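Undergrad: Data: my_file10.cif, mmCIF, C-alpha atoms.
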data_final
loop_
_atom_site.group_PDB
_atom_site.id
_atom_site.type_symbol
_atom_site.label_atom_id
_atom_site.label_comp_id
_atom_site.auth_asym_id
_atom_site.auth_seq_id
_atom_site.Cartn_x
_atom_site.Cartn_y
_atom_site.Cartn_z
ATOM 1 C CA MET A 217 67.367 114.520 13.499
ATOM 2 C CA THR A 218 67.707 110.739 13.450
ATOM 3 C CA PRO A 219 64.254 109.122 13.432
ATOM 4 C CA TYR A 220 63.780 105.606 14.767
ATOM 5 C CA LYS A 221 63.211 102.976 12.086
ATOM 6 C CA GLU A 222 61.837 99.530 12.797
ATOM 7 C CA ARG A 223 64.458 96.792 12.584
ATOM 8 C CA LYS A 224 64.473 93.093 13.273
ATOM 9 C CA LEU A 225 65.265 92.301 16.888
ATOM 10 C CA GLY A 226 67.207 89.132 17.543
ATOM 11 C CA ALA A 227 65.402 86.154 18.986
ATOM 12 C CA PRO A 228 65.887 85.751 22.740
ATOM 13 C CA GLU A 229 67.579 82.687 24.175
ATOM 14 C CA ILE A 230 64.949 81.220 26.452
ATOM 15 C CA ASN A 231 66.394 79.265 29.346
ATOM 16 C CA PRO A 232 64.470 76.977 31.710
ATOM 17 C CA GLY A 233 62.380 79.177 33.986
ATOM 18 C CA ASP A 234 62.293 82.134 31.551
ATOM 19 C CA GLU A 235 59.075 81.070 29.855
ATOM 20 C CA VAL A 236 56.902 82.969 32.362
ATOM 21 C CA TYR A 237 58.782 86.209 31.590
ATOM 22 C CA PHE A 238 58.409 85.865 27.813
ATOM 23 C CA GLU A 239 54.776 84.711 27.973
ATOM 24 C CA ALA A 240 53.989 87.833 30.026
ATOM 25 C CA ALA A 241 55.784 89.975 27.428
ATOM 26 C CA ARG A 242 53.537 88.458 24.751
ATOM 27 C CA GLU A 243 50.610 89.717 26.844
ATOM 28 C CA GLY A 244 52.130 93.213 27.168
ATOM 29 C CA ARG A 245 53.292 92.789 30.776
ATOM 30 C CA LEU A 246 56.820 93.362 32.119
ATOM 31 C CA LEU A 247 57.819 91.012 34.926
ATOM 32 C CA ILE A 248 60.734 91.176 37.348
ATOM 33 C CA LYS A 249 61.746 88.839 40.156
ATOM 34 C CA TYR A 250 61.208 89.713 43.815
ATOM 35 C CA CYS A 251 62.841 87.997 46.799
ATOM 36 C CA THR A 252 60.434 87.285 49.641
ATOM 37 C CA ASP A 253 63.301 86.764 52.118
ATOM 38 C CA CYS A 254 65.152 90.093 51.734
ATOM 39 C CA ASN A 255 62.309 92.054 50.067
ATOM 40 C CA GLN A 256 64.480 93.133 47.127
ATOM 41 C CA PRO A 257 63.503 93.156 43.449
ATOM 42 C CA HIS A 258 66.033 92.034 40.856
ATOM 43 C CA PHE A 259 66.518 91.873 37.135
ATOM 44 C CA TYR A 260 67.565 89.892 35.040
ATOM 45 C CA PRO A 261 65.168 87.117 36.054
ATOM 46 C CA ARG A 262 66.863 84.245 37.868
ATOM 47 C CA PRO A 263 65.761 81.739 40.498
ATOM 48 C CA ILE A 264 68.345 82.744 43.140
ATOM 49 C CA CYS A 265 68.283 86.235 44.677
ATOM 50 C CA PRO A 266 71.564 88.068 43.923
ATOM 51 C CA HIS A 267 71.226 90.059 47.173
ATOM 52 C CA CYS A 268 70.829 87.284 49.772
ATOM 53 C CA PHE A 269 71.174 84.072 47.691
ATOM 54 C CA SER A 270 67.728 82.840 48.714
ATOM 55 C CA ASP A 271 65.642 80.751 46.352
ATOM 56 C CA ALA A 272 62.430 82.331 47.720
ATOM 57 C CA THR A 273 61.752 84.445 44.639
ATOM 58 C CA ARG A 274 58.515 85.173 42.839
ATOM 59 C CA TRP A 275 57.441 87.010 39.706
ATOM 60 C CA VAL A 276 55.889 90.468 40.099
ATOM 61 C CA GLU A 277 54.579 92.818 37.444
ATOM 62 C CA ALA A 278 56.745 95.920 37.065
ATOM 63 C CA SER A 279 55.373 99.407 36.527
ATOM 64 C CA GLY A 280 56.993 99.570 33.092
ATOM 65 C CA THR A 281 58.210 103.116 33.737
ATOM 66 C CA GLY A 282 61.632 104.441 34.597
ATOM 67 C CA ASN A 283 64.510 106.648 33.527
ATOM 68 C CA ILE A 284 67.459 106.231 31.198
ATOM 69 C CA TYR A 285 70.600 105.621 33.259
ATOM 70 C CA THR A 286 72.971 105.540 30.275
ATOM 71 C CA PHE A 287 72.709 104.882 26.540
ATOM 72 C CA SER A 288 74.639 104.471 23.306
ATOM 73 C CA VAL A 289 73.530 105.361 19.782
ATOM 74 C CA THR A 290 75.036 102.809 17.401
ATOM 75 C CA ARG A 291 75.365 104.282 13.935
ATOM 76 C CA CYS A 292 77.889 101.988 12.251
ATOM 77 C CA ALA A 293 76.520 98.480 12.840
ATOM 78 C CA GLY A 294 73.598 97.146 10.915
ATOM 79 C CA PRO A 295 71.554 98.870 8.258
ATOM 80 C CA ILE A 296 70.217 101.648 10.500
ATOM 81 C CA PRO A 297 71.135 103.415 13.754
ATOM 82 C CA TYR A 298 69.677 102.126 16.999
ATOM 83 C CA VAL A 299 69.908 102.870 20.720
ATOM 84 C CA ILE A 300 70.817 100.478 23.522
ATOM 85 C CA ALA A 301 70.233 101.806 27.042
ATOM 86 C CA HIS A 302 70.276 100.852 30.678
ATOM 87 C CA VAL A 303 66.880 101.814 32.071
ATOM 88 C CA THR A 304 66.313 102.073 35.821
ATOM 89 C CA LEU A 305 62.730 101.102 36.537
ATOM 90 C CA LEU A 306 60.570 102.665 39.225
ATOM 91 C CA GLU A 307 61.177 99.420 41.165
ATOM 92 C CA GLU A 308 64.917 100.325 41.338
ATOM 93 C CA VAL A 309 66.187 97.572 39.066
ATOM 94 C CA THR A 310 68.149 98.342 35.918
ATOM 95 C CA MET A 311 67.667 96.513 32.648
ATOM 96 C CA MET A 312 69.344 96.778 29.260
ATOM 97 C CA SER A 313 66.960 97.412 26.394
ATOM 98 C CA ASN A 314 66.379 99.260 23.136
ATOM 99 C CA ILE A 315 64.989 102.795 22.999
ATOM 100 C CA VAL A 316 62.428 102.980 20.183
ATOM 101 C CA ASP A 317 59.784 105.125 18.466
ATOM 102 C CA CYS A 318 61.521 108.486 18.919
ATOM 103 C CA ASP A 319 64.134 110.856 17.485
ATOM 104 C CA LEU A 320 67.393 109.160 18.471
ATOM 105 C CA ASP A 321 69.181 112.525 18.729
ATOM 106 C CA GLU A 322 66.749 113.673 21.441
ATOM 107 C CA ILE A 323 67.487 110.875 23.926
ATOM 108 C CA ARG A 324 69.005 112.055 27.214
ATOM 109 C CA VAL A 325 70.292 110.557 30.453
ATOM 110 C CA ASP A 326 67.586 110.613 33.162
ATOM 111 C CA GLN A 327 64.845 110.915 30.533
ATOM 112 C CA ALA A 328 61.545 109.323 31.550
ATOM 113 C CA VAL A 329 60.619 106.240 29.524
ATOM 114 C CA ARG A 330 57.863 103.632 29.443
ATOM 115 C CA VAL A 331 57.854 100.056 28.227
ATOM 116 C CA VAL A 332 56.551 99.035 24.801
ATOM 117 C CA PHE A 333 56.813 95.570 23.305
ATOM 118 C CA LYS A 334 58.332 94.830 19.896
ATOM 119 C CA PRO A 335 58.363 91.522 18.001
ATOM 120 C CA ALA A 336 61.560 89.477 17.817
ATOM 121 C CA GLU A 337 62.538 87.428 14.764
ATOM 122 C CA ASP A 338 60.969 84.270 16.206
ATOM 123 C CA GLY A 339 57.627 85.792 17.207
ATOM 124 C CA TRP A 340 58.350 86.421 20.890
ATOM 125 C CA MET A 341 57.815 89.973 22.131
ATOM 126 C CA LEU A 342 60.687 91.925 23.684
ATOM 127 C CA PRO A 343 60.415 94.806 26.147
ATOM 128 C CA CYS A 344 61.758 98.051 24.693
ATOM 129 C CA PHE A 345 61.329 101.601 25.953
ATOM 130 C CA THR A 346 60.122 104.866 24.475
ATOM 131 C CA PRO A 347 60.201 108.385 25.942
ATOM 132 C CA GLY A 348 57.089 109.431 27.763
#
Mind turning this structure into structure tokens?
TA:
Amino acid sequence: MTPYKERKLGAPEINPGDEVYFEAAREGRLLIKYCTDCNQPHFYPRPICPHCFSDATRWVEASGTGNIYTFSVTRCAGPIPYVIAHVTLLEEVTMMSNIVDCDLDEIRVDQAVRVVFKPAEDGWMLPCFTPG
């Protein structure tokens, strides 16, 4: 058994246009971008749709639930082990994040997860995921 232990998460680099995403995270909401021209969601947030190259994108609140697509348990870097995963959200976008608040040895591909928010070093909140 390898229990999760809280660790400091690095501060995000906030680029112009990202403020909306991080302000929503502070409020406990996960946002993704949605293209109104091709009707496709996308993540990571960016002003140009990667599917059709339109600039007709808008923020939408994601469900915050999904499944683990792949993951890696890192046991040799840092003071404690941690898990980085690609999580495919219900909205069919995949995002890289930490898996937290669980036994790290029990994590599995295709496991259902839900978003939780953890503080970064600079006070911003970051979306992480936990089984459930």
Undergrad: Build an axis-aligned box that encloses every atom of segment 254-258 of chain A listed in the file, pad it by 5 Å on each side, and report its centre and edge lengths in Å to one decimal, as JSON.
TA:
{"center_x": 64.2, "center_y": 91.6, "center_z": 46.3, "size_x": 13.7, "size_y": 13.1, "size_z": 20.9}
Undergrad: With all atoms listed in the file as the counted atoms, please give the residues lying no more than 7 Å from segment 270-274 of chain A, apart from itself and same-chain residues fewer than 4 positions off, as a list in words.
TA: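 The neighbour list is Lys249, Tyr250, Cys251, Thr252, Asp253, Pro263, Ile264 and Cys265 of chain A.
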Undergrad: For the residues in that selection, give me C-alpha atoms as a short mmCIF file (atom, residue, chain, number, x, y, z; two decimals), in the coordinates of the input.
TA:
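Generated output (selection19.cif):
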data_model
loop_
_atom_site.label_atom_id
_atom_site.label_comp_id
_atom_site.auth_asym_id
_atom_site.auth_seq_id
_atom_site.Cartn_x
_atom_site.Cartn_y
_atom_site.Cartn_z
CA LYS A 249 61.75 88.84 40.16
CA TYR A 250 61.21 89.71 43.82
CA CYS A 251 62.84 88.00 46.80
CA THR A 252 60.43 87.28 49.64
CA ASP A 253 63.30 86.76 52.12
CA PRO A 263 65.76 81.74 40.50
CA ILE A 264 68.34 82.74 43.14
CA CYS A 265 68.28 86.24 44.68
#
Undergrad: List every residue of segment 248-328 of chain A that has an atom at most 7 Å from any atom of segment 219-235 of chain A, giving for each one its closest atom pair and the distance in Å to one decimal, counting only C-alpha atoms, sorted by chain and then by ascending residue number, as a Markdown table.
TA:
| residue | atom | partner | partner_atom | distance |
| --- | --- | --- | --- | --- |
| A:Val316 | CA | A:Tyr220 | CA | 6.2 |
| A:Asp317 | CA | A:Tyr220 | CA | 5.5 |
| A:Cys318 | CA | A:Tyr220 | CA | 5.5 |
| A:Asp319 | CA | A:Pro219 | CA | 4.4 |
| A:Leu320 | CA | A:Pro219 | CA | 5.9 |
Undergrad: Any chance you could resolve the PyMOL selection byres ((chain A and resi 335) around 10) against this file and give the residues as an mmCIF file with C-alpha atoms, keeping the file's coordinate frame?
TA:
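Here's the written file out.cif:
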data_model
loop_
_atom_site.group_PDB
_atom_site.id
_atom_site.type_symbol
_atom_site.label_atom_id
_atom_site.label_comp_id
_atom_site.auth_asym_id
_atom_site.auth_seq_id
_atom_site.Cartn_x
_atom_site.Cartn_y
_atom_site.Cartn_z
ATOM 1 C CA ARG A 223 64.458 96.792 12.584
ATOM 2 C CA LYS A 224 64.473 93.093 13.273
ATOM 3 C CA LEU A 225 65.265 92.301 16.888
ATOM 4 C CA GLY A 226 67.207 89.132 17.543
ATOM 5 C CA ALA A 227 65.402 86.154 18.986
ATOM 6 C CA ALA A 241 55.784 89.975 27.428
ATOM 7 C CA ARG A 242 53.537 88.458 24.751
ATOM 8 C CA PHE A 333 56.813 95.570 23.305
ATOM 9 C CA LYS A 334 58.332 94.830 19.896
ATOM 10 C CA ALA A 336 61.560 89.477 17.817
ATOM 11 C CA GLU A 337 62.538 87.428 14.764
ATOM 12 C CA ASP A 338 60.969 84.270 16.206
ATOM 13 C CA GLY A 339 57.627 85.792 17.207
ATOM 14 C CA TRP A 340 58.350 86.421 20.890
ATOM 15 C CA MET A 341 57.815 89.973 22.131
ATOM 16 C CA LEU A 342 60.687 91.925 23.684
ATOM 17 C CA PRO A 343 60.415 94.806 26.147
ATOM 18 C CA CYS A 344 61.758 98.051 24.693
#
Undergrad: One decimal, in Å: what's the spacing between atom CA of Val331 of chain A and atom CA of Val309 of chain A?
TA: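 Answer for the atom CA of Val331 of chain A to atom CA of Val309 of chain A separation: 13.9 Å.
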Undergrad: Counting only C-alpha atoms, which residue out of A:Tyr285, A:Tyr298, A:Trp275, A:Phe345 sits closest to Ala240 of chain A?
TA: A:Trp275
Undergrad: Any idea what's packed within 9 Å of segment 301-305 of chain A, counting only C-alpha atoms, ignoring anything in its chain fewer than 2 positions away? Could you give it as a ChimeraX atom specification?
TA: /A:278-289,299,307-315,326,329-330,345
Undergrad: Would you compute the distance between atom CA of Pro347 of chain A and atom CA of Ala328 of chain A? Give it in Å to one decimal.
TA: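 These atoms are spaced 5.8 Å apart.
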Undergrad: How many Å lie between atom CA of Cys254 of chain A and atom CA of Phe269 of chain A, rounded to one decimal?
TA: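 Straight-line distance from atom CA of Cys254 of chain A to atom CA of Phe269 of chain A works out to 9.4 Å.
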Undergrad: Can you list what the PyMOL selection byres ((chain A and resi 260) around 8) grabs from this structure, as a PyMOL selection string?
TA: chain A and resi 248-249+258-259+261-262+311
Undergrad: Which is closer to Asp321 of chain A than all the others in A:Val276, A:Met217, A:Cys292, A:Leu247, using all atoms listed in the file?
TA: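 Of the candidates, the smallest distance to Asp321 of chain A is held by A:Met217.
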